[in-house]
file coords.txt (compact mmCIF, C-alpha atoms)
# COMPACT_ATOMS: atom_id res chain seq x y z
CA GLY A 23 -12.54 -23.15 -7.87
CA ALA A 24 -10.67 -20.36 -6.06
CA GLY A 25 -7.39 -21.37 -7.72
CA ILE A 26 -8.79 -21.02 -11.23
CA LYS A 27 -10.33 -17.66 -10.35
CA GLU A 28 -7.04 -16.42 -8.91
CA LEU A 29 -5.10 -17.69 -11.94
CA ILE A 30 -7.45 -15.82 -14.28
CA GLN A 31 -6.92 -12.64 -12.25
CA TYR A 32 -3.15 -13.15 -12.48
CA VAL A 33 -3.36 -13.34 -16.26
CA GLU A 34 -5.74 -10.36 -16.48
CA VAL A 35 -3.52 -8.11 -14.37
CA TRP A 36 0.05 -9.22 -15.05
CA VAL A 37 -0.32 -10.04 -18.76
CA VAL A 38 -3.40 -8.47 -20.37
CA ALA A 39 -3.43 -5.20 -18.40
CA TYR A 40 0.37 -4.86 -18.65
CA LEU A 41 0.41 -5.29 -22.44
CA PHE A 42 -2.56 -2.93 -22.79
CA PHE A 43 -0.84 -0.18 -20.82
CA VAL A 44 2.44 -0.65 -22.71
CA GLU A 45 0.63 -0.17 -25.98
CA VAL A 46 -1.41 2.84 -24.83
CA LEU A 47 1.37 4.61 -22.94
CA ARG A 48 3.97 4.38 -25.70
CA ARG A 49 2.57 7.65 -27.08
CA VAL A 50 3.94 10.76 -25.40
CA ARG A 51 0.58 12.50 -25.24
CA MET A 52 -1.17 9.52 -23.67
CA ARG A 53 1.68 9.04 -21.21
CA ARG A 54 1.51 12.63 -20.03
CA LEU A 55 -2.27 12.47 -19.82
CA ALA A 56 -2.02 9.30 -17.73
CA VAL A 57 0.50 10.91 -15.35
CA ALA A 58 -1.67 14.01 -15.00
CA THR A 59 -4.69 11.80 -14.30
CA VAL A 60 -3.01 9.74 -11.57
CA LEU A 61 -1.63 12.88 -9.92
CA VAL A 62 -5.08 14.48 -9.89
CA MET A 63 -6.47 11.22 -8.45
CA PHE A 64 -3.76 11.36 -5.82
CA GLY A 65 -4.83 14.89 -4.88
CA VAL A 66 -8.50 13.92 -4.67
CA VAL A 67 -7.73 10.92 -2.46
CA VAL A 68 -5.52 12.97 -0.13
CA VAL A 69 -8.14 15.70 0.23
CA ALA A 70 -10.89 13.11 0.84
CA GLY A 71 -8.71 11.39 3.43
CA LEU A 72 -7.97 14.66 5.22
CA VAL A 73 -11.65 15.63 5.25
CA GLU A 74 -12.60 12.32 6.79
CA TYR A 75 -9.70 12.51 9.23
CA CYS A 76 -10.92 15.89 10.49
CA LEU A 77 -14.57 14.79 10.58
CA VAL A 78 -13.81 11.71 12.66
CA LEU A 79 -11.57 13.59 15.08
CA SER A 80 -14.15 16.32 15.57
CA GLY A 81 -16.98 13.82 16.00
CA GLY A 82 -18.81 15.51 13.14
CA THR A 83 -20.96 13.81 10.58
CA ALA A 84 -20.86 13.67 6.79
CA ARG A 85 -24.49 12.71 6.43
CA GLY A 86 -25.40 16.17 5.21
CA LEU A 87 -23.56 15.32 1.98
CA LEU A 88 -24.04 11.57 1.66
CA ASP A 89 -24.38 8.57 3.88
CA ILE A 90 -20.72 7.68 3.92
CA ALA A 91 -21.36 5.05 6.59
CA ALA A 92 -22.84 2.86 3.86
CA ILE A 93 -19.83 3.16 1.56
CA ASP A 94 -16.84 0.83 1.49
CA SER A 95 -15.11 2.33 -1.52
CA LEU A 96 -11.79 1.68 -3.21
CA PHE A 97 -9.96 3.11 -0.22
CA GLY A 98 -12.33 1.82 2.43
CA PHE A 99 -13.74 5.15 3.59
CA ARG A 100 -16.32 4.51 6.25
CA PHE A 101 -17.32 7.06 8.84
CA ASN A 102 -18.92 6.01 12.10
CA PRO A 103 -20.09 9.12 14.01
CA SER A 104 -20.75 7.12 17.16
CA ARG A 105 -16.99 6.56 17.61
CA GLN A 106 -15.58 10.01 18.27
CA GLY A 107 -12.22 8.60 19.40
CA VAL A 108 -11.47 7.00 16.04
CA ALA A 109 -8.71 8.69 14.04
CA GLY A 110 -8.51 8.41 10.29
CA THR A 111 -10.14 6.03 7.83
CA GLU A 112 -11.55 3.44 10.19
CA SER A 113 -12.15 0.55 7.82
CA GLY A 114 -9.43 0.96 5.20
CA LYS A 115 -6.40 2.76 6.55
CA ASN A 116 -4.07 0.06 5.24
CA VAL A 117 -5.42 0.32 1.69
CA LEU A 118 -5.26 4.10 1.79
CA GLY A 119 -1.72 3.95 3.19
CA THR A 120 -0.67 1.47 0.48
CA TYR A 121 -1.96 3.76 -2.25
CA ILE A 122 -0.14 6.76 -0.78
CA ILE A 123 3.24 5.04 -0.39
CA ILE A 124 3.06 4.13 -4.08
CA MET A 125 1.95 7.52 -5.34
CA LEU A 126 4.00 9.75 -3.03
CA PRO A 127 7.45 8.88 -4.49
CA LEU A 128 6.05 9.32 -8.00
CA ALA A 129 4.58 12.73 -7.15
CA LEU A 130 7.83 13.81 -5.51
CA ALA A 131 9.87 12.74 -8.54
CA MET A 132 7.57 14.69 -10.89
CA LEU A 133 7.86 17.95 -8.91
CA PRO A 134 10.87 19.40 -10.83
CA VAL A 135 9.20 18.98 -14.24
CA ILE A 136 5.72 20.21 -13.35
CA ARG A 137 4.74 23.52 -14.90
CA PRO A 138 3.48 26.12 -14.03
CA LEU A 139 4.80 27.04 -10.61
CA TRP A 140 1.43 27.06 -8.83
CA GLN A 141 0.83 23.43 -9.85
CA ARG A 142 4.22 22.49 -8.46
CA LEU A 143 3.39 24.20 -5.17
CA VAL A 144 0.01 22.46 -4.95
CA LEU A 145 1.61 19.08 -5.63
CA ALA A 146 4.32 19.73 -3.03
CA MET A 147 1.66 20.60 -0.46
CA LEU A 148 -0.30 17.44 -1.31
CA CYS A 149 2.86 15.38 -0.84
CA LEU A 150 3.33 16.78 2.65
CA LEU A 151 -0.35 16.50 3.63
CA SER A 152 -0.56 12.92 2.35
CA LEU A 153 1.71 11.85 5.21
CA ILE A 154 -1.10 12.65 7.64
CA CYS A 155 -3.26 10.00 5.95
CA VAL A 156 -0.69 7.21 6.42
CA LEU A 157 -1.81 5.74 9.73
CA HIS A 158 0.54 2.75 9.75
CA LEU A 159 4.03 3.37 11.09
CA GLY A 160 5.55 0.61 8.95
CA LEU A 161 4.03 2.04 5.78
CA LEU A 162 5.25 5.50 6.77
CA ILE A 163 8.80 4.12 6.89
CA CYS A 164 8.29 2.51 3.46
CA ALA A 165 7.13 5.87 2.06
CA ALA A 166 10.20 7.54 3.53
CA ALA A 167 12.42 4.94 1.84
CA GLY A 168 10.80 5.57 -1.55
CA CYS A 169 11.12 9.35 -1.18
CA CYS A 170 14.75 9.00 -0.07
CA ALA A 171 15.39 7.04 -3.27
CA VAL A 172 14.15 10.06 -5.22
CA ALA A 173 16.35 12.33 -3.11
CA VAL A 174 19.44 10.19 -3.73
CA ALA A 175 18.86 10.26 -7.49
CA SER A 176 18.54 14.06 -7.43
CA SER A 177 22.26 14.27 -6.49
CA ARG A 178 21.58 17.43 -4.50
CA ARG A 179 23.33 18.12 -1.22
CA PHE A 180 21.31 17.41 1.90
CA ALA A 181 18.41 16.06 -0.22
CA VAL A 182 18.01 12.91 1.88
CA ALA A 183 18.35 14.85 5.14
CA LEU A 184 15.75 17.38 4.01
CA THR A 185 13.39 14.59 2.97
CA LEU A 186 13.63 12.89 6.35
CA ALA A 187 13.29 16.25 8.09
CA ALA A 188 10.08 16.96 6.14
CA PHE A 189 8.66 13.57 7.16
CA SER A 190 9.57 14.14 10.80
CA ALA A 191 8.19 17.68 10.79
CA VAL A 192 4.81 16.77 9.29
CA VAL A 193 4.30 13.74 11.53
CA GLY A 194 5.60 15.59 14.59
CA VAL A 195 3.35 18.61 14.09
CA THR A 196 0.34 16.37 13.45
CA CYS A 197 1.03 14.47 16.67
CA LEU A 198 1.15 17.76 18.56
CA VAL A 199 -2.10 18.99 17.03
CA SER A 200 -3.92 15.67 17.37
CA SER A 201 -3.39 13.68 20.54
CA HIS A 202 -4.64 10.57 18.72
CA HIS A 203 -2.26 10.59 15.77
CA GLY A 204 0.86 9.32 17.54
CA LYS A 205 -1.22 6.77 19.43
CA VAL A 206 -2.68 5.46 16.17
CA LEU A 207 0.82 5.04 14.70
CA LEU A 208 2.02 3.14 17.77
CA ASP A 209 -1.17 1.08 17.83
CA SER A 210 -0.60 0.10 14.19
CA VAL A 211 2.61 -1.79 14.96
CA ALA A 212 1.99 -2.92 18.56
CA LEU A 213 2.49 -6.63 19.19
CA HIS A 214 0.32 -6.80 22.31
CA ARG A 215 -2.84 -4.77 22.94
CA SER A 216 -5.25 -4.82 25.86
CA ALA A 217 -7.98 -2.99 23.90
CA ASP A 218 -9.08 -1.90 20.41
CA PRO A 219 -9.45 1.86 20.97
CA TYR A 220 -9.53 2.75 17.26
CA GLY A 221 -12.05 0.21 16.05
CA LEU A 222 -9.68 -1.73 13.78
CA GLN A 223 -10.91 -5.23 14.65
CA PRO A 224 -13.76 -6.80 12.66
CA MET A 225 -17.15 -7.26 14.28
CA PRO A 226 -18.01 -8.42 16.89
CA MET A 227 -14.63 -7.51 18.43
CA LYS A 228 -14.55 -3.92 17.19
CA GLY A 229 -13.87 -1.58 20.11
CA GLN A 230 -13.63 -4.41 22.64
CA ASP A 231 -10.93 -4.88 25.30
CA TRP A 232 -9.34 -7.53 27.53
CA GLN A 233 -12.56 -7.93 29.50
CA HIS A 234 -14.21 -9.62 26.51
CA PRO A 235 -14.08 -13.42 27.03
CA ARG A 236 -12.70 -13.99 23.51
CA TRP A 237 -10.15 -11.20 23.51
CA ASN A 238 -6.61 -12.13 22.48
CA PRO A 239 -3.98 -9.52 23.41
CA TRP A 240 -1.57 -10.62 20.67
CA GLN A 241 -2.39 -8.99 17.36
CA GLN A 242 -3.55 -11.64 14.91
CA LYS A 243 -1.64 -10.10 12.00
CA TYR A 244 1.58 -11.08 13.79
CA LEU A 245 0.33 -14.49 14.86
CA GLU A 246 -0.57 -15.12 11.22
CA ILE A 247 3.04 -14.53 10.22
CA GLN A 248 3.93 -17.54 12.37
CA ALA A 249 1.08 -19.52 10.83
CA ALA A 250 2.31 -18.59 7.35
CA LEU A 251 5.83 -19.74 8.21
CA ASN A 252 4.39 -23.01 9.53
CA ALA A 253 2.52 -23.47 6.25
CA VAL A 254 5.66 -22.81 4.23
CA GLY A 255 7.50 -25.34 6.40
CA TYR A 256 5.12 -28.08 5.23
CA SER A 257 5.39 -27.23 1.54
CA PRO A 258 8.37 -24.91 1.06
CA VAL A 259 8.94 -25.24 -2.68
CA LEU A 260 5.53 -25.19 -4.39
CA GLY A 261 3.21 -24.01 -1.61
CA HIS A 262 -0.41 -25.00 -1.05
CA GLY A 263 -2.01 -23.76 -4.25
CA ILE A 264 -2.95 -20.42 -5.80
CA GLY A 265 -6.00 -18.85 -4.19
CA GLY A 266 -5.92 -21.17 -1.20
CA TYR A 267 -4.50 -18.87 1.47
CA GLN A 268 -7.74 -17.94 3.26
CA ARG A 269 -9.05 -21.53 3.23
CA ARG A 270 -5.84 -23.10 4.53
CA ILE A 271 -4.06 -20.64 6.80
CA ASN A 272 -6.17 -21.30 9.92
CA VAL A 273 -4.99 -24.91 10.01
CA PHE A 274 -1.36 -23.86 10.42
CA TYR A 275 -1.74 -21.79 13.55
CA SER A 276 -1.51 -24.88 15.72
CA ASN A 277 -0.37 -27.35 13.07
CA SER A 278 3.35 -26.78 12.52
CA PRO A 279 6.44 -28.79 11.51
CA MET A 280 7.75 -28.26 15.06
CA TRP A 281 5.38 -28.50 18.01
CA SER A 282 7.15 -25.56 19.63
CA THR A 283 6.19 -23.14 16.80
CA GLY A 284 2.44 -23.61 17.00
CA VAL A 285 0.32 -20.68 18.19
CA GLU A 286 -3.19 -20.45 19.60
CA LYS A 287 -5.80 -18.70 17.47
CA SER A 288 -8.85 -17.00 18.94
CA PRO A 289 -12.19 -18.64 18.01
CA VAL A 290 -13.28 -15.29 16.54
CA ASN A 291 -11.62 -13.30 13.77
CA LEU A 292 -9.28 -10.63 15.18
CA MET A 293 -7.53 -9.86 11.90
CA GLU A 294 -7.19 -6.19 11.07
CA LYS A 295 -8.60 -5.44 7.63
CA ASP A 296 -6.17 -5.65 4.69
CA ALA A 297 -3.21 -6.47 6.94
CA HIS A 298 -1.96 -9.52 5.02
CA GLY A 299 1.57 -9.16 3.66
CA LEU A 300 1.68 -10.01 -0.05
CA PHE A 301 5.02 -11.81 0.17
CA LEU A 302 3.78 -14.07 2.96
CA VAL A 303 0.56 -14.86 1.10
CA GLN A 304 2.59 -15.63 -2.02
CA ALA A 305 4.94 -17.90 -0.07
CA VAL A 306 2.02 -19.89 1.38
CA GLU A 307 0.22 -20.23 -1.96
CA THR A 308 3.15 -20.79 -4.35
CA GLY A 309 6.07 -21.61 -2.06
CA VAL A 310 9.52 -20.11 -2.00
CA LEU A 311 9.68 -20.63 -5.77
CA GLY A 312 6.64 -18.41 -6.36
CA LEU A 313 7.88 -15.83 -3.86
CA ALA A 314 11.25 -15.69 -5.62
CA CYS A 315 9.49 -15.23 -8.98
CA LEU A 316 7.36 -12.36 -7.64
CA ALA A 317 10.31 -10.62 -5.95
CA GLY A 318 12.42 -11.19 -9.06
CA LEU A 319 9.70 -9.70 -11.25
CA LEU A 320 9.49 -6.58 -9.08
CA LEU A 321 13.29 -6.23 -9.11
CA ALA A 322 13.25 -6.68 -12.89
CA PHE A 323 10.74 -3.83 -13.22
CA LEU A 324 12.96 -1.72 -10.97
CA GLY A 325 16.06 -2.48 -13.04
CA ARG A 326 14.18 -1.81 -16.28
CA ALA A 327 13.02 1.58 -15.02
CA LEU A 328 16.56 2.60 -14.09
CA ASN A 329 18.08 1.29 -17.34
CA VAL A 330 15.54 3.02 -19.58
CA ARG A 331 15.91 6.22 -17.55
CA ALA A 332 19.66 6.17 -18.23
CA ALA A 333 18.97 6.01 -21.98
CA VAL A 334 16.34 8.78 -22.04
CA ALA A 335 17.20 12.43 -22.57
CA GLU A 336 13.71 13.90 -22.08
CA PRO A 337 13.53 15.37 -18.51
CA TYR A 338 9.84 14.52 -18.14
CA ASP A 339 10.33 10.83 -18.90
CA ARG A 340 13.44 10.70 -16.71
CA ALA A 341 11.46 12.08 -13.79
CA LEU A 342 8.60 9.67 -14.50
CA LEU A 343 10.89 6.63 -14.58
CA LEU A 344 12.60 7.75 -11.40
CA GLY A 345 9.18 7.96 -9.76
CA VAL A 346 8.33 4.44 -10.94
CA ALA A 347 11.63 3.09 -9.57
CA ALA A 348 11.10 4.86 -6.22
CA ALA A 349 7.52 3.55 -6.02
CA LEU A 350 8.92 0.05 -6.53
CA VAL A 351 11.27 0.59 -3.58
CA SER A 352 8.23 1.36 -1.40
CA ILE A 353 6.38 -1.65 -2.81
CA LEU A 354 9.26 -4.07 -2.22
CA LEU A 355 9.47 -3.01 1.42
CA GLY A 356 5.74 -2.61 2.01
CA SER A 357 4.80 -6.02 0.55
CA TRP A 358 5.93 -7.64 3.80
CA LEU A 359 3.17 -5.68 5.56
CA ILE A 360 0.36 -5.20 3.04
CA SER A 361 -0.68 -6.16 -0.48
CA PHE A 362 -0.74 -3.86 -3.50
CA VAL A 363 -2.89 -6.26 -5.56
CA VAL A 364 -6.19 -5.58 -3.74
CA ARG A 365 -9.09 -3.12 -3.94
CA GLY A 366 -8.26 -1.98 -7.49
CA ILE A 367 -4.84 -0.56 -6.58
CA GLN A 368 -3.23 -3.22 -8.79
CA LEU A 369 -4.43 -1.45 -11.94
CA VAL A 370 -2.63 1.76 -10.97
CA VAL A 371 0.47 -0.27 -10.06
CA ILE A 372 0.50 -2.23 -13.34
CA ALA A 373 0.18 1.04 -15.27
CA LEU A 374 3.29 2.29 -13.48
CA PHE A 375 5.12 -0.99 -14.15
CA ALA A 376 4.31 -0.60 -17.86
CA MET A 377 5.89 2.87 -18.09
CA PRO A 378 9.51 1.72 -18.66
CA ALA A 379 8.51 -0.67 -21.44
CA ALA A 380 6.28 2.00 -23.00
CA VAL A 381 9.08 4.60 -23.00
CA HIS A 382 11.55 2.02 -24.35
CA THR A 383 9.13 1.10 -27.14
CA GLU A 384 8.81 4.77 -28.08
CA ILE A 385 12.62 5.10 -28.23
CA ALA A 386 12.87 1.98 -30.40
CA ASP A 387 10.17 3.27 -32.76
CA SER A 388 11.93 6.62 -33.06
CA SER A 389 15.26 5.00 -33.91
CA VAL A 390 13.63 2.93 -36.66
CA GLU A 391 12.05 6.00 -38.20
call {"tool": "encode", "arguments": {"input": "coords.txt", "output": "structure tokens"}}
result
Amino acid sequence: GAGIKELIQYVEVWVVAYLFFVEVLRRVRMRRLAVATVLVMFGVVVVAGLVEYCLVLSGGTARGLLDIAAIDSLFGFRFNPSRQGVAGTESGKNVLGTYIIIMLPLALAMLPVIRPLWQRLVLAMLCLLSLICVLHLGLLICAAAGCCAVAVASSRRFAVALTLAAFSAVVGVTCLVSSHHGKVLLDSVALHRSADPYGLQPMPMKGQDWQHPRWNPWQQKYLEIQAALNAVGYSPVLGHGIGGYQRRINVFYSNSPMWSTGVEKSPVNLMEKDAHGLFLVQAVETGVLGLACLAGLLLAFLGRALNVRAAVAEPYDRALLLGVAAALVSILLGSWLISFVVRGIQLVVIALFAMPAAVHTEIADSSVE
């Protein structure tokens, strides 16, 4: 069943993949190659996101290169030329934003140790431009928190203030250049909407408004938080079973421990794509016990990164471990809004989680020799 499938995926990602990356990344050369690879991937994703962003805003078409309308890739790029008002990656902005808030703190932490200078400048520019691709205001705040963690660790005067100023400047300028950008950010966190101007709802509600007979002005991603809390209320300790969230959650909109906490769900799906918070899903499936284990595991990875960093003298590894710790700050905050274990992002994340253990293993091997 779904539970067995989900359990197998847990083992594959959290055990097998983790141990594999620890073993591979314990070698300095492989570790540096892996970091270079993920930073290049980060650059490619940012450039692709910016190209699509500009194409959608201009009402252009990418069909001269490939039929991108038929692609729902790792980051959900899908271009619909008939919707000229759409800003950004229409079908996967949450996945793209999740990837960026994980990679941005890592890229920022690696800046001081990147050589030569032109590569450092390119990476710095990519860090700034990546903020344009984060079209969820909550995720943008999570990215700022991760980058501020890097700034605090740098121990430089005004580092946090400069980081926040850079965020504000990039977002502010983009909002001035594009009239849609600020509206998209506000739309991403709005509780109540009378229309879907940016095509974020699934079909057949995409682009509809309050005149549609099945329109619900309250965003379903917020109503589902209430449903998740209702579900946890019925089984707070152990939850309702791994892999059972999608099958069970609809029952708990109206079915709640207290009649006053029930909510009405539209007969059609109004859920924005990839808008489920990982912590809420975990609480429903495995209860408060499972949620505590997941949060504790993430905090353990964070503590391990900081502890190993304190024991390392190599500047490159210190910067890398700082980036991992800062990425975990973004993940811990962002997991209330989105999930980092979807669309293949979990493999990049597990590779980052394995870095502290890999560096520690290298130190241990060196001391034995």
call {"tool": "closest_residue", "arguments": {"input": "coords.txt", "among": "A:Ala297, A:Met227, A:Val66, A:Ala379", "to": "Val46 in chain A", "atoms": "all atoms listed in the file"}}
result
A:Ala379
call {"tool": "closest_residue", "arguments": {"input": "coords.txt", "among": "A:Ala348, A:Leu319, A:Leu41, A:Val285", "to": "Cys170 in chain A", "atoms": "all atoms listed in the file"}}
result
A:Ala348
call {"tool": "closest_atom_pairs", "arguments": {"input": "coords.txt", "of": "range 261-375 of chain A", "to": "range 175-189 of chain A", "cutoff": "12 Å", "atoms": "only C-alpha atoms", "output": "Markdown table"}}
result
| residue | atom | partner | partner_atom | distance |
| --- | --- | --- | --- | --- |
| A:Leu328 | CA | A:Ala175 | CA | 10.4 |
| A:Arg331 | CA | A:Ala175 | CA | 11.2 |
| A:Ala332 | CA | A:Ala175 | CA | 11.5 |
| A:Arg340 | CA | A:Ala175 | CA | 10.7 |
| A:Ala341 | CA | A:Ser176 | CA | 9.7 |
| A:Leu343 | CA | A:Ala175 | CA | 11.3 |
| A:Leu344 | CA | A:Ala175 | CA | 7.8 |
| A:Gly345 | CA | A:Ala175 | CA | 10.2 |
| A:Ala347 | CA | A:Ala175 | CA | 10.4 |
| A:Ala348 | CA | A:Ala175 | CA | 9.5 |
call {"tool": "residues_around", "arguments": {"input": "coords.txt", "residues": "Leu321 in chain A", "least_positions_apart": "2", "cutoff": "12 Å", "atoms": "all atoms listed in the file", "output": "PDB file with C-alpha atoms, in the frame of the given file"}}
result
ATOM      1  CA  ALA A 314      11.250 -15.690  -5.620  1.00  0.00           C
ATOM      2  CA  CYS A 315       9.490 -15.230  -8.980  1.00  0.00           C
ATOM      3  CA  LEU A 316       7.360 -12.360  -7.640  1.00  0.00           C
ATOM      4  CA  ALA A 317      10.310 -10.620  -5.950  1.00  0.00           C
ATOM      5  CA  GLY A 318      12.420 -11.190  -9.060  1.00  0.00           C
ATOM      6  CA  LEU A 319       9.700  -9.700 -11.250  1.00  0.00           C
ATOM      7  CA  PHE A 323      10.740  -3.830 -13.220  1.00  0.00           C
ATOM      8  CA  LEU A 324      12.960  -1.720 -10.970  1.00  0.00           C
ATOM      9  CA  GLY A 325      16.060  -2.480 -13.040  1.00  0.00           C
ATOM     10  CA  ARG A 326      14.180  -1.810 -16.280  1.00  0.00           C
ATOM     11  CA  ALA A 327      13.020   1.580 -15.020  1.00  0.00           C
ATOM     12  CA  LEU A 328      16.560   2.600 -14.090  1.00  0.00           C
ATOM     13  CA  VAL A 346       8.330   4.440 -10.940  1.00  0.00           C
ATOM     14  CA  ALA A 347      11.630   3.090  -9.570  1.00  0.00           C
ATOM     15  CA  ALA A 348      11.100   4.860  -6.220  1.00  0.00           C
ATOM     16  CA  ALA A 349       7.520   3.550  -6.020  1.00  0.00           C
ATOM     17  CA  LEU A 350       8.920   0.050  -6.530  1.00  0.00           C
ATOM     18  CA  VAL A 351      11.270   0.590  -3.580  1.00  0.00           C
ATOM     19  CA  SER A 352       8.230   1.360  -1.400  1.00  0.00           C
ATOM     20  CA  ILE A 353       6.380  -1.650  -2.810  1.00  0.00           C
ATOM     21  CA  LEU A 354       9.260  -4.070  -2.220  1.00  0.00           C
ATOM     22  CA  LEU A 355       9.470  -3.010   1.420  1.00  0.00           C
ATOM     23  CA  PHE A 375       5.120  -0.990 -14.150  1.00  0.00           C
TER      24      PHE A 375
END
call {"tool": "closest_residue", "arguments": {"input": "coords.txt", "among": "A:Arg48, A:Gly356, A:Leu292, A:Val259", "to": "Ala166 in chain A", "atoms": "only C-alpha atoms"}}
result
A:Gly356
call {"tool": "atom_distance", "arguments": {"input": "coords.txt", "atom1": "CA of Ser200 in chain A", "atom2": "CA of Leu162 in chain A"}}
result
17.3 Å
call {"tool": "closest_residue", "arguments": {"input": "coords.txt", "among": "A:Val69, A:Val371, A:Gly204, A:Asp209", "to": "Leu145 in chain A", "atoms": "only C-alpha atoms"}}
result
A:Val69
call {"tool": "atom_distance", "arguments": {"input": "coords.txt", "atom1": "CA of Ser282 in chain A", "atom2": "CA of Leu313 in chain A"}}
result
25.4 Å
call {"tool": "closest_residue", "arguments": {"input": "coords.txt", "among": "A:Met293, A:Ser288, A:Thr308, A:Trp281", "to": "Val254 in chain A", "atoms": "only C-alpha atoms"}}
result
A:Thr308
call {"tool": "atom_distance", "arguments": {"input": "coords.txt", "atom1": "CA of Gln223 in chain A", "atom2": "CA of Gly261 in chain A"}}
result
28.6 Å
call {"tool": "residues_around", "arguments": {"input": "coords.txt", "residues": "Leu222 in chain A", "least_positions_apart": "2", "cutoff": "10 Å", "atoms": "only C-alpha atoms", "output": "CSV table (one decimal) with C-alpha atoms, in the frame of the given file"}}
result
chain,number,residue,atom,x,y,z
A,108,VAL,CA,-11.5,7.0,16.0
A,111,THR,CA,-10.1,6.0,7.8
A,112,GLU,CA,-11.6,3.4,10.2
A,113,SER,CA,-12.2,0.6,7.8
A,114,GLY,CA,-9.4,1.0,5.2
A,115,LYS,CA,-6.4,2.8,6.6
A,209,ASP,CA,-1.2,1.1,17.8
A,210,SER,CA,-0.6,0.1,14.2
A,218,ASP,CA,-9.1,-1.9,20.4
A,219,PRO,CA,-9.4,1.9,21.0
A,220,TYR,CA,-9.5,2.8,17.3
A,224,PRO,CA,-13.8,-6.8,12.7
A,225,MET,CA,-17.2,-7.3,14.3
A,227,MET,CA,-14.6,-7.5,18.4
A,228,LYS,CA,-14.6,-3.9,17.2
A,229,GLY,CA,-13.9,-1.6,20.1
A,292,LEU,CA,-9.3,-10.6,15.2
A,293,MET,CA,-7.5,-9.9,11.9
A,294,GLU,CA,-7.2,-6.2,11.1
A,295,LYS,CA,-8.6,-5.4,7.6
call {"tool": "residues_around", "arguments": {"input": "coords.txt", "residues": "range 238-252 of chain A", "least_positions_apart": "2", "cutoff": "8 Å", "atoms": "all atoms listed in the file", "output": "number ranges by chain"}}
result
A: 212-217, 232, 236, 254-256, 271-272, 274-279, 283-285, 287-288, 292-294, 297-298, 302-303, 305-306
call {"tool": "closest_residue", "arguments": {"input": "coords.txt", "among": "A:Ala58, A:Leu133, A:Val364, A:Val290", "to": "Tyr32 in chain A", "atoms": "only C-alpha atoms"}}
result
A:Val364
call {"tool": "residues_near_point", "arguments": {"input": "coords.txt", "point": "(4.1, 1.5, -24.1)", "cutoff": "10 Å", "atoms": "only C-alpha atoms", "output": "list of chain:residue names"}}
result
A:Tyr40, A:Leu41, A:Phe42, A:Phe43, A:Val44, A:Glu45, A:Val46, A:Leu47, A:Arg48, A:Arg49, A:Val50, A:Met52, A:Arg53, A:Ala373, A:Ala376, A:Met377, A:Pro378, A:Ala379, A:Ala380, A:Val381, A:His382, A:Thr383, A:Glu384
call {"tool": "write_last_selection", "arguments": {"input": "coords.txt", "atoms": "C-alpha atoms", "output": "PDB file, in the coordinates of the input"}}
result
ATOM      1  CA  TYR A  40       0.370  -4.860 -18.650  1.00  0.00           C
ATOM      2  CA  LEU A  41       0.410  -5.290 -22.440  1.00  0.00           C
ATOM      3  CA  PHE A  42      -2.560  -2.930 -22.790  1.00  0.00           C
ATOM      4  CA  PHE A  43      -0.840  -0.180 -20.820  1.00  0.00           C
ATOM      5  CA  VAL A  44       2.440  -0.650 -22.710  1.00  0.00           C
ATOM      6  CA  GLU A  45       0.630  -0.170 -25.980  1.00  0.00           C
ATOM      7  CA  VAL A  46      -1.410   2.840 -24.830  1.00  0.00           C
ATOM      8  CA  LEU A  47       1.370   4.610 -22.940  1.00  0.00           C
ATOM      9  CA  ARG A  48       3.970   4.380 -25.700  1.00  0.00           C
ATOM     10  CA  ARG A  49       2.570   7.650 -27.080  1.00  0.00           C
ATOM     11  CA  VAL A  50       3.940  10.760 -25.400  1.00  0.00           C
ATOM     12  CA  MET A  52      -1.170   9.520 -23.670  1.00  0.00           C
ATOM     13  CA  ARG A  53       1.680   9.040 -21.210  1.00  0.00           C
ATOM     14  CA  ALA A 373       0.180   1.040 -15.270  1.00  0.00           C
ATOM     15  CA  ALA A 376       4.310  -0.600 -17.860  1.00  0.00           C
ATOM     16  CA  MET A 377       5.890   2.870 -18.090  1.00  0.00           C
ATOM     17  CA  PRO A 378       9.510   1.720 -18.660  1.00  0.00           C
ATOM     18  CA  ALA A 379       8.510  -0.670 -21.440  1.00  0.00           C
ATOM     19  CA  ALA A 380       6.280   2.000 -23.000  1.00  0.00           C
ATOM     20  CA  VAL A 381       9.080   4.600 -23.000  1.00  0.00           C
ATOM     21  CA  HIS A 382      11.550   2.020 -24.350  1.00  0.00           C
ATOM     22  CA  THR A 383       9.130   1.100 -27.140  1.00  0.00           C
ATOM     23  CA  GLU A 384       8.810   4.770 -28.080  1.00  0.00           C
TER      24      GLU A 384
END
